[in-house]
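Novice: I'd like to ask you about the structure that follows.
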Amino acid sequence: MFRIGHGYDVHRLVEGRKLILGGVEIEHSLGLLGHSDADVLLHAISDALLGAAAMGDIGGMFPDTDPAFKDADSLELLKQVVARLKSNGYSVGNIDATVIAQKPKLKPFIEKMRENIACACECDVSQINVKATTEEKLGFTGNEDGIAAHAVCIIEVE
């Protein structure tokens, strides 16, 4: 049996923060603001996985009111999501994700992101796809006010 999930996340770009996407630190003049490291890609993926299993979302699993998650590494949070799925009899079938950012260009970082995600999800990199797009200078991502990500996944009942 297969289950499908969708996740979406967005964070504001600000000065004085690191830009981390897919577990990769990317040189940029702005970083994402959030309680954790604000990795929108991994947050969208985590939400997609939890949604597919009908287990809520990352806000419920890792509330931003809990100081334990302040500046948390989102790769570690994704590993906890996957452990929770596995303990409930699920495994990752595949993930397809899109990062929406005007800048910086993400193509040079995509393969490392895929590897990080596959490792965290305990699956082969061939099961992970990451894409990046701009919004042609339209909207909050186009104006470089923030970065967004969408993810869809299939999980399998083991």
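To be explicit about the labels: the chains of the structure tokens are called A, B, and onward in the order shown, and within each one the residues are counted from 1, while ligands get numbers from 1 in the order they are shown.
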Write down as number ranges by chain the residues belonging to stretch 49-94 of chain A that are assigned helix (DSSP H, G or I) by DSSP computed on the backbone.

Specialist: A: 49-52, 58-61, 67-69, 74-87

Novice: List the spatial neighbours of A:Leu21 as a VMD selection string - criterion: any atom at most 12 Å away, only C-alpha atoms, same-chain residues fewer than 2 positions off excluded.

Specialist: chain A and resid 9 to 11 18 to 19 23 to 28 31 to 32 37 to 45 73 to 75 97 to 101 104 to 107 109 to 114 116 to 117 130 to 132 147 to 149

Novice: With N, CA and C atoms retained, could you export that selection as a tab-separated table (two decimals), in the first residue's frame?

Specialist:
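result19.tsv was written with the following content:
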chain	number	residue	atom	x	y	z
A	9	ASP	N	6.66	24.90	2.91
A	9	ASP	CA	7.20	25.75	3.95
A	9	ASP	C	7.75	27.02	3.33
A	10	VAL	N	7.81	28.08	4.14
A	10	VAL	CA	8.36	29.36	3.71
A	10	VAL	C	9.01	30.02	4.92
A	11	HIS	N	10.13	30.68	4.67
A	11	HIS	CA	10.79	31.47	5.71
A	11	HIS	C	11.29	32.77	5.09
A	18	LYS	N	22.59	32.18	8.62
A	18	LYS	CA	23.13	31.31	7.58
A	18	LYS	C	22.00	30.86	6.67
A	19	LEU	N	22.33	30.64	5.39
A	19	LEU	CA	21.36	30.07	4.46
A	19	LEU	C	21.67	28.58	4.34
A	23	GLY	N	20.20	20.81	3.99
A	23	GLY	CA	21.33	20.47	4.83
A	23	GLY	C	22.66	21.00	4.31
A	24	VAL	N	22.62	21.87	3.31
A	24	VAL	CA	23.83	22.44	2.72
A	24	VAL	C	23.90	23.92	3.08
A	25	GLU	N	25.02	24.34	3.66
A	25	GLU	CA	25.21	25.76	3.94
A	25	GLU	C	25.69	26.43	2.66
A	26	ILE	N	24.93	27.45	2.23
A	26	ILE	CA	25.17	28.11	0.96
A	26	ILE	C	25.60	29.55	1.22
A	27	GLU	N	26.70	29.94	0.63
A	27	GLU	CA	27.19	31.32	0.78
A	27	GLU	C	26.17	32.28	0.16
A	28	HIS	N	25.67	33.20	0.98
A	28	HIS	CA	24.70	34.19	0.51
A	28	HIS	C	24.68	35.33	1.52
A	31	GLY	N	20.13	34.98	5.11
A	31	GLY	CA	19.80	33.63	5.56
A	31	GLY	C	18.34	33.57	5.95
A	32	LEU	N	17.87	32.38	6.24
A	32	LEU	CA	16.45	32.18	6.56
A	32	LEU	C	16.20	32.31	8.06
A	37	ASP	N	17.15	25.92	12.18
A	37	ASP	CA	18.01	26.48	11.13
A	37	ASP	C	17.20	27.00	9.95
A	38	ALA	N	15.88	26.82	9.98
A	38	ALA	CA	14.93	27.36	8.99
A	38	ALA	C	15.13	26.79	7.59
A	39	ASP	N	15.55	25.55	7.50
A	39	ASP	CA	15.77	24.88	6.20
A	39	ASP	C	14.41	24.55	5.58
A	40	VAL	N	13.90	25.44	4.73
A	40	VAL	CA	12.56	25.29	4.16
A	40	VAL	C	12.41	24.00	3.37
A	41	LEU	N	13.45	23.57	2.70
A	41	LEU	CA	13.38	22.34	1.91
A	41	LEU	C	13.14	21.13	2.81
A	42	LEU	N	13.95	21.00	3.86
A	42	LEU	CA	13.77	19.86	4.76
A	42	LEU	C	12.48	19.94	5.55
A	43	HIS	N	12.03	21.14	5.84
A	43	HIS	CA	10.75	21.29	6.55
A	43	HIS	C	9.59	20.85	5.65
A	44	ALA	N	9.62	21.22	4.38
A	44	ALA	CA	8.56	20.80	3.46
A	44	ALA	C	8.57	19.29	3.29
A	45	ILE	N	9.75	18.71	3.19
A	45	ILE	CA	9.87	17.24	3.06
A	45	ILE	C	9.35	16.56	4.32
A	73	ASP	N	19.24	21.51	13.91
A	73	ASP	CA	19.67	21.05	12.59
A	73	ASP	C	18.49	20.30	11.95
A	74	SER	N	17.96	20.82	10.86
A	74	SER	CA	16.78	20.21	10.24
A	74	SER	C	17.05	18.84	9.65
A	75	LEU	N	18.31	18.52	9.35
A	75	LEU	CA	18.62	17.15	8.92
A	75	LEU	C	18.37	16.18	10.08
A	97	ALA	N	10.85	17.40	-4.65
A	97	ALA	CA	10.74	18.69	-3.99
A	97	ALA	C	11.21	19.82	-4.90
A	98	THR	N	10.63	21.00	-4.68
A	98	THR	CA	11.00	22.20	-5.43
A	98	THR	C	11.27	23.33	-4.46
A	99	VAL	N	12.43	23.96	-4.61
A	99	VAL	CA	12.77	25.17	-3.85
A	99	VAL	C	12.49	26.36	-4.76
A	100	ILE	N	11.82	27.38	-4.20
A	100	ILE	CA	11.48	28.58	-4.96
A	100	ILE	C	12.27	29.74	-4.36
A	101	ALA	N	13.28	30.20	-5.13
A	101	ALA	CA	14.16	31.26	-4.65
A	101	ALA	C	14.67	32.06	-5.84
A	104	PRO	N	20.06	32.60	-4.06
A	104	PRO	CA	21.13	32.36	-5.03
A	104	PRO	C	20.75	31.23	-5.99
A	105	LYS	N	21.53	31.05	-7.02
A	105	LYS	CA	21.34	29.92	-7.92
A	105	LYS	C	21.69	28.64	-7.17
A	106	LEU	N	20.83	27.64	-7.23
A	106	LEU	CA	20.99	26.46	-6.40
A	106	LEU	C	21.52	25.23	-7.13
A	107	LYS	N	21.59	25.28	-8.45
A	107	LYS	CA	22.00	24.10	-9.21
A	107	LYS	C	23.30	23.46	-8.70
A	109	PHE	N	24.34	23.00	-5.86
A	109	PHE	CA	24.16	22.38	-4.55
A	109	PHE	C	23.16	21.22	-4.55
A	110	ILE	N	22.46	21.03	-5.66
A	110	ILE	CA	21.34	20.08	-5.71
A	110	ILE	C	21.79	18.65	-5.40
A	111	GLU	N	22.89	18.20	-5.98
A	111	GLU	CA	23.30	16.80	-5.75
A	111	GLU	C	23.63	16.55	-4.29
A	112	LYS	N	24.30	17.49	-3.62
A	112	LYS	CA	24.61	17.33	-2.20
A	112	LYS	C	23.33	17.33	-1.38
A	113	MET	N	22.37	18.16	-1.75
A	113	MET	CA	21.07	18.16	-1.06
A	113	MET	C	20.41	16.80	-1.19
A	114	ARG	N	20.41	16.24	-2.41
A	114	ARG	CA	19.80	14.93	-2.64
A	114	ARG	C	20.48	13.87	-1.78
A	116	ASN	N	22.14	14.30	1.07
A	116	ASN	CA	21.79	14.53	2.48
A	116	ASN	C	20.40	14.00	2.80
A	117	ILE	N	19.46	14.27	1.92
A	117	ILE	CA	18.08	13.85	2.14
A	117	ILE	C	17.98	12.33	2.09
A	130	VAL	N	15.30	16.89	-6.28
A	130	VAL	CA	15.21	18.27	-5.83
A	130	VAL	C	15.37	19.16	-7.04
A	131	LYS	N	14.47	20.13	-7.15
A	131	LYS	CA	14.52	21.10	-8.24
A	131	LYS	C	14.54	22.49	-7.63
A	132	ALA	N	15.00	23.47	-8.41
A	132	ALA	CA	14.97	24.86	-7.96
A	132	ALA	C	14.42	25.71	-9.10
A	147	ILE	N	12.19	32.51	0.94
A	147	ILE	CA	12.35	31.31	0.12
A	147	ILE	C	11.26	30.34	0.53
A	148	ALA	N	10.70	29.64	-0.45
A	148	ALA	CA	9.65	28.66	-0.20
A	148	ALA	C	10.07	27.31	-0.77
A	149	ALA	N	9.39	26.27	-0.32
A	149	ALA	CA	9.63	24.93	-0.87
A	149	ALA	C	8.34	24.13	-0.81

Novice: What does the distance between atom CA of A:Leu78 and atom CA of A:Asp57 come to in Å, to one decimal place?

Specialist: 11.6 Å

Novice: Report, in Å with one decimal, the straight-line distance from atom CA of A:Cys119 to atom CA of A:Met55.

Specialist: 21.6 Å

Novice: Out of A:Lys86, A:His150, A:Lys79, A:His35, which residue has the shortest atom-to-atom distance to A:Arg17 when counting only C-alpha atoms?

Specialist: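 Closest to A:Arg17 of all the choices is A:His35.
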
Novice: Need to verify the contact set: A:Leu138, 10 Å, only C-alpha atoms, exclusion of same-chain residues closer than 5 positions in sequence. Can you return it as a CSV table (one decimal) with C-alpha atoms, in the first residue's frame?

Specialist:
chain,number,residue,atom,x,y,z
A,102,GLN,CA,15.2,34.2,-6.8
A,143,ASN,CA,11.5,40.1,-4.4
A,144,GLU,CA,14.0,38.1,-2.3

Novice: Using only C-alpha atoms, can you tell me which of A:Ile154, A:Asp47, A:Gly34, A:Gly93 comes closest to A:Ala72?

Specialist: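 The answer is A:Gly34, which sits nearest to A:Ala72.
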
Novice: Which neighbours of A:Ala118 fall inside 10 Å, counting only C-alpha atoms, when residues of the same chain fewer than 5 positions from it are skipped, and could you give them as a PyMOL selection string?

Specialist: chain A and resi 92+94-95+112-113+123-129

Novice: Show which residues sit within 8 Å of A:Leu85, as a list of chain:residue names. Count only C-alpha atoms, and ignore same-chain residues fewer than 4 positions away.

Specialist: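 Near neighbours after the sequence-gap exclusion: A:Leu49, A:Leu50, A:Ala53, A:Val81, A:Gly89, A:Tyr90, A:Ser91.
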
Novice: Run DSSP on the backbone and give me the residues of stretch 8-149 of chain A it puts in strand (DSSP E), as a PDB file with N, CA and C atoms, in the first residue's frame.

Specialist:
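Full text of selection_10.pdb as output:
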ATOM      1  N   TYR A   8       4.688  22.023   2.448  1.00  0.00           N
ATOM      2  CA  TYR A   8       5.030  23.377   1.996  1.00  0.00           C
ATOM      3  C   TYR A   8       5.626  24.120   3.176  1.00  0.00           C
ATOM      4  N   ASP A   9       6.662  24.901   2.908  1.00  0.00           N
ATOM      5  CA  ASP A   9       7.203  25.752   3.955  1.00  0.00           C
ATOM      6  C   ASP A   9       7.750  27.021   3.330  1.00  0.00           C
ATOM      7  N   VAL A  10       7.815  28.077   4.135  1.00  0.00           N
ATOM      8  CA  VAL A  10       8.357  29.361   3.710  1.00  0.00           C
ATOM      9  C   VAL A  10       9.010  30.018   4.918  1.00  0.00           C
ATOM     10  N   HIS A  11      10.133  30.677   4.667  1.00  0.00           N
ATOM     11  CA  HIS A  11      10.792  31.467   5.705  1.00  0.00           C
ATOM     12  C   HIS A  11      11.293  32.770   5.093  1.00  0.00           C
ATOM     13  N   ARG A  12      11.331  33.788   5.919  1.00  0.00           N
ATOM     14  CA  ARG A  12      11.793  35.114   5.525  1.00  0.00           C
ATOM     15  C   ARG A  12      13.321  35.124   5.439  1.00  0.00           C
ATOM     16  N   LEU A  13      13.847  35.847   4.439  1.00  0.00           N
ATOM     17  CA  LEU A  13      15.287  36.077   4.318  1.00  0.00           C
ATOM     18  C   LEU A  13      15.668  37.305   5.134  1.00  0.00           C
ATOM     19  N   VAL A  14      16.739  37.180   5.939  1.00  0.00           N
ATOM     20  CA  VAL A  14      17.207  38.279   6.780  1.00  0.00           C
ATOM     21  C   VAL A  14      18.730  38.284   6.806  1.00  0.00           C
ATOM     22  N   LEU A  19      22.327  30.637   5.392  1.00  0.00           N
ATOM     23  CA  LEU A  19      21.364  30.065   4.456  1.00  0.00           C
ATOM     24  C   LEU A  19      21.668  28.580   4.343  1.00  0.00           C
ATOM     25  N   ILE A  20      20.739  27.777   4.844  1.00  0.00           N
ATOM     26  CA  ILE A  20      20.887  26.324   4.809  1.00  0.00           C
ATOM     27  C   ILE A  20      19.682  25.750   4.080  1.00  0.00           C
ATOM     28  N   LEU A  21      19.956  25.008   3.012  1.00  0.00           N
ATOM     29  CA  LEU A  21      18.902  24.353   2.221  1.00  0.00           C
ATOM     30  C   LEU A  21      19.314  22.917   1.947  1.00  0.00           C
ATOM     31  N   VAL A  24      22.616  21.867   3.309  1.00  0.00           N
ATOM     32  CA  VAL A  24      23.832  22.440   2.717  1.00  0.00           C
ATOM     33  C   VAL A  24      23.896  23.917   3.079  1.00  0.00           C
ATOM     34  N   GLU A  25      25.023  24.337   3.663  1.00  0.00           N
ATOM     35  CA  GLU A  25      25.213  25.760   3.936  1.00  0.00           C
ATOM     36  C   GLU A  25      25.686  26.431   2.655  1.00  0.00           C
ATOM     37  N   ILE A  26      24.933  27.446   2.231  1.00  0.00           N
ATOM     38  CA  ILE A  26      25.172  28.114   0.956  1.00  0.00           C
ATOM     39  C   ILE A  26      25.596  29.554   1.224  1.00  0.00           C
ATOM     40  N   GLY A  31      20.129  34.979   5.110  1.00  0.00           N
ATOM     41  CA  GLY A  31      19.801  33.633   5.555  1.00  0.00           C
ATOM     42  C   GLY A  31      18.341  33.570   5.946  1.00  0.00           C
ATOM     43  N   LEU A  32      17.866  32.376   6.243  1.00  0.00           N
ATOM     44  CA  LEU A  32      16.449  32.181   6.564  1.00  0.00           C
ATOM     45  C   LEU A  32      16.202  32.306   8.062  1.00  0.00           C
ATOM     46  N   TYR A  90       6.290   2.366   8.125  1.00  0.00           N
ATOM     47  CA  TYR A  90       6.392   3.025   6.824  1.00  0.00           C
ATOM     48  C   TYR A  90       7.850   3.181   6.393  1.00  0.00           C
ATOM     49  N   SER A  91       8.050   3.223   5.087  1.00  0.00           N
ATOM     50  CA  SER A  91       9.353   3.574   4.530  1.00  0.00           C
ATOM     51  C   SER A  91       9.141   4.563   3.382  1.00  0.00           C
ATOM     52  N   VAL A  92      10.191   5.297   3.055  1.00  0.00           N
ATOM     53  CA  VAL A  92      10.111   6.295   1.997  1.00  0.00           C
ATOM     54  C   VAL A  92      10.137   5.603   0.641  1.00  0.00           C
ATOM     55  N   GLY A  93       9.131   5.899  -0.185  1.00  0.00           N
ATOM     56  CA  GLY A  93       9.109   5.400  -1.559  1.00  0.00           C
ATOM     57  C   GLY A  93       9.887   6.346  -2.463  1.00  0.00           C
ATOM     58  N   ASN A  94       9.462   7.596  -2.506  1.00  0.00           N
ATOM     59  CA  ASN A  94      10.210   8.629  -3.215  1.00  0.00           C
ATOM     60  C   ASN A  94       9.763  10.002  -2.749  1.00  0.00           C
ATOM     61  N   ILE A  95      10.618  10.996  -3.029  1.00  0.00           N
ATOM     62  CA  ILE A  95      10.348  12.386  -2.679  1.00  0.00           C
ATOM     63  C   ILE A  95      10.693  13.237  -3.890  1.00  0.00           C
ATOM     64  N   ASP A  96       9.831  14.183  -4.213  1.00  0.00           N
ATOM     65  CA  ASP A  96      10.085  15.166  -5.261  1.00  0.00           C
ATOM     66  C   ASP A  96       9.830  16.536  -4.648  1.00  0.00           C
ATOM     67  N   ALA A  97      10.849  17.401  -4.652  1.00  0.00           N
ATOM     68  CA  ALA A  97      10.739  18.693  -3.986  1.00  0.00           C
ATOM     69  C   ALA A  97      11.210  19.817  -4.900  1.00  0.00           C
ATOM     70  N   THR A  98      10.632  21.001  -4.676  1.00  0.00           N
ATOM     71  CA  THR A  98      11.002  22.195  -5.429  1.00  0.00           C
ATOM     72  C   THR A  98      11.271  23.333  -4.460  1.00  0.00           C
ATOM     73  N   VAL A  99      12.426  23.962  -4.610  1.00  0.00           N
ATOM     74  CA  VAL A  99      12.768  25.166  -3.852  1.00  0.00           C
ATOM     75  C   VAL A  99      12.488  26.362  -4.756  1.00  0.00           C
ATOM     76  N   ILE A 100      11.825  27.378  -4.200  1.00  0.00           N
ATOM     77  CA  ILE A 100      11.484  28.579  -4.957  1.00  0.00           C
ATOM     78  C   ILE A 100      12.270  29.738  -4.364  1.00  0.00           C
ATOM     79  N   ILE A 128      15.194  10.356  -4.516  1.00  0.00           N
ATOM     80  CA  ILE A 128      15.078  11.754  -4.102  1.00  0.00           C
ATOM     81  C   ILE A 128      15.306  12.665  -5.301  1.00  0.00           C
ATOM     82  N   ASN A 129      14.395  13.595  -5.525  1.00  0.00           N
ATOM     83  CA  ASN A 129      14.572  14.600  -6.568  1.00  0.00           C
ATOM     84  C   ASN A 129      14.389  15.980  -5.943  1.00  0.00           C
ATOM     85  N   VAL A 130      15.296  16.889  -6.276  1.00  0.00           N
ATOM     86  CA  VAL A 130      15.213  18.274  -5.825  1.00  0.00           C
ATOM     87  C   VAL A 130      15.372  19.163  -7.043  1.00  0.00           C
ATOM     88  N   LYS A 131      14.473  20.125  -7.151  1.00  0.00           N
ATOM     89  CA  LYS A 131      14.523  21.103  -8.236  1.00  0.00           C
ATOM     90  C   LYS A 131      14.540  22.492  -7.625  1.00  0.00           C
ATOM     91  N   ALA A 132      14.999  23.466  -8.410  1.00  0.00           N
ATOM     92  CA  ALA A 132      14.968  24.859  -7.961  1.00  0.00           C
ATOM     93  C   ALA A 132      14.421  25.710  -9.101  1.00  0.00           C
ATOM     94  N   THR A 133      13.658  26.715  -8.723  1.00  0.00           N
ATOM     95  CA  THR A 133      13.100  27.630  -9.710  1.00  0.00           C
ATOM     96  C   THR A 133      13.023  29.028  -9.111  1.00  0.00           C
ATOM     97  N   GLY A 146      11.895  36.133   0.824  1.00  0.00           N
ATOM     98  CA  GLY A 146      11.874  34.814   1.448  1.00  0.00           C
ATOM     99  C   GLY A 146      12.133  33.724   0.437  1.00  0.00           C
ATOM    100  N   ILE A 147      12.192  32.509   0.939  1.00  0.00           N
ATOM    101  CA  ILE A 147      12.350  31.310   0.120  1.00  0.00           C
ATOM    102  C   ILE A 147      11.263  30.336   0.527  1.00  0.00           C
ATOM    103  N   ALA A 148      10.705  29.644  -0.447  1.00  0.00           N
ATOM    104  CA  ALA A 148       9.650  28.658  -0.196  1.00  0.00           C
ATOM    105  C   ALA A 148      10.066  27.311  -0.770  1.00  0.00           C
ATOM    106  N   ALA A 149       9.394  26.271  -0.325  1.00  0.00           N
ATOM    107  CA  ALA A 149       9.626  24.931  -0.870  1.00  0.00           C
ATOM    108  C   ALA A 149       8.341  24.126  -0.808  1.00  0.00           C
TER     109      ALA A 149
END
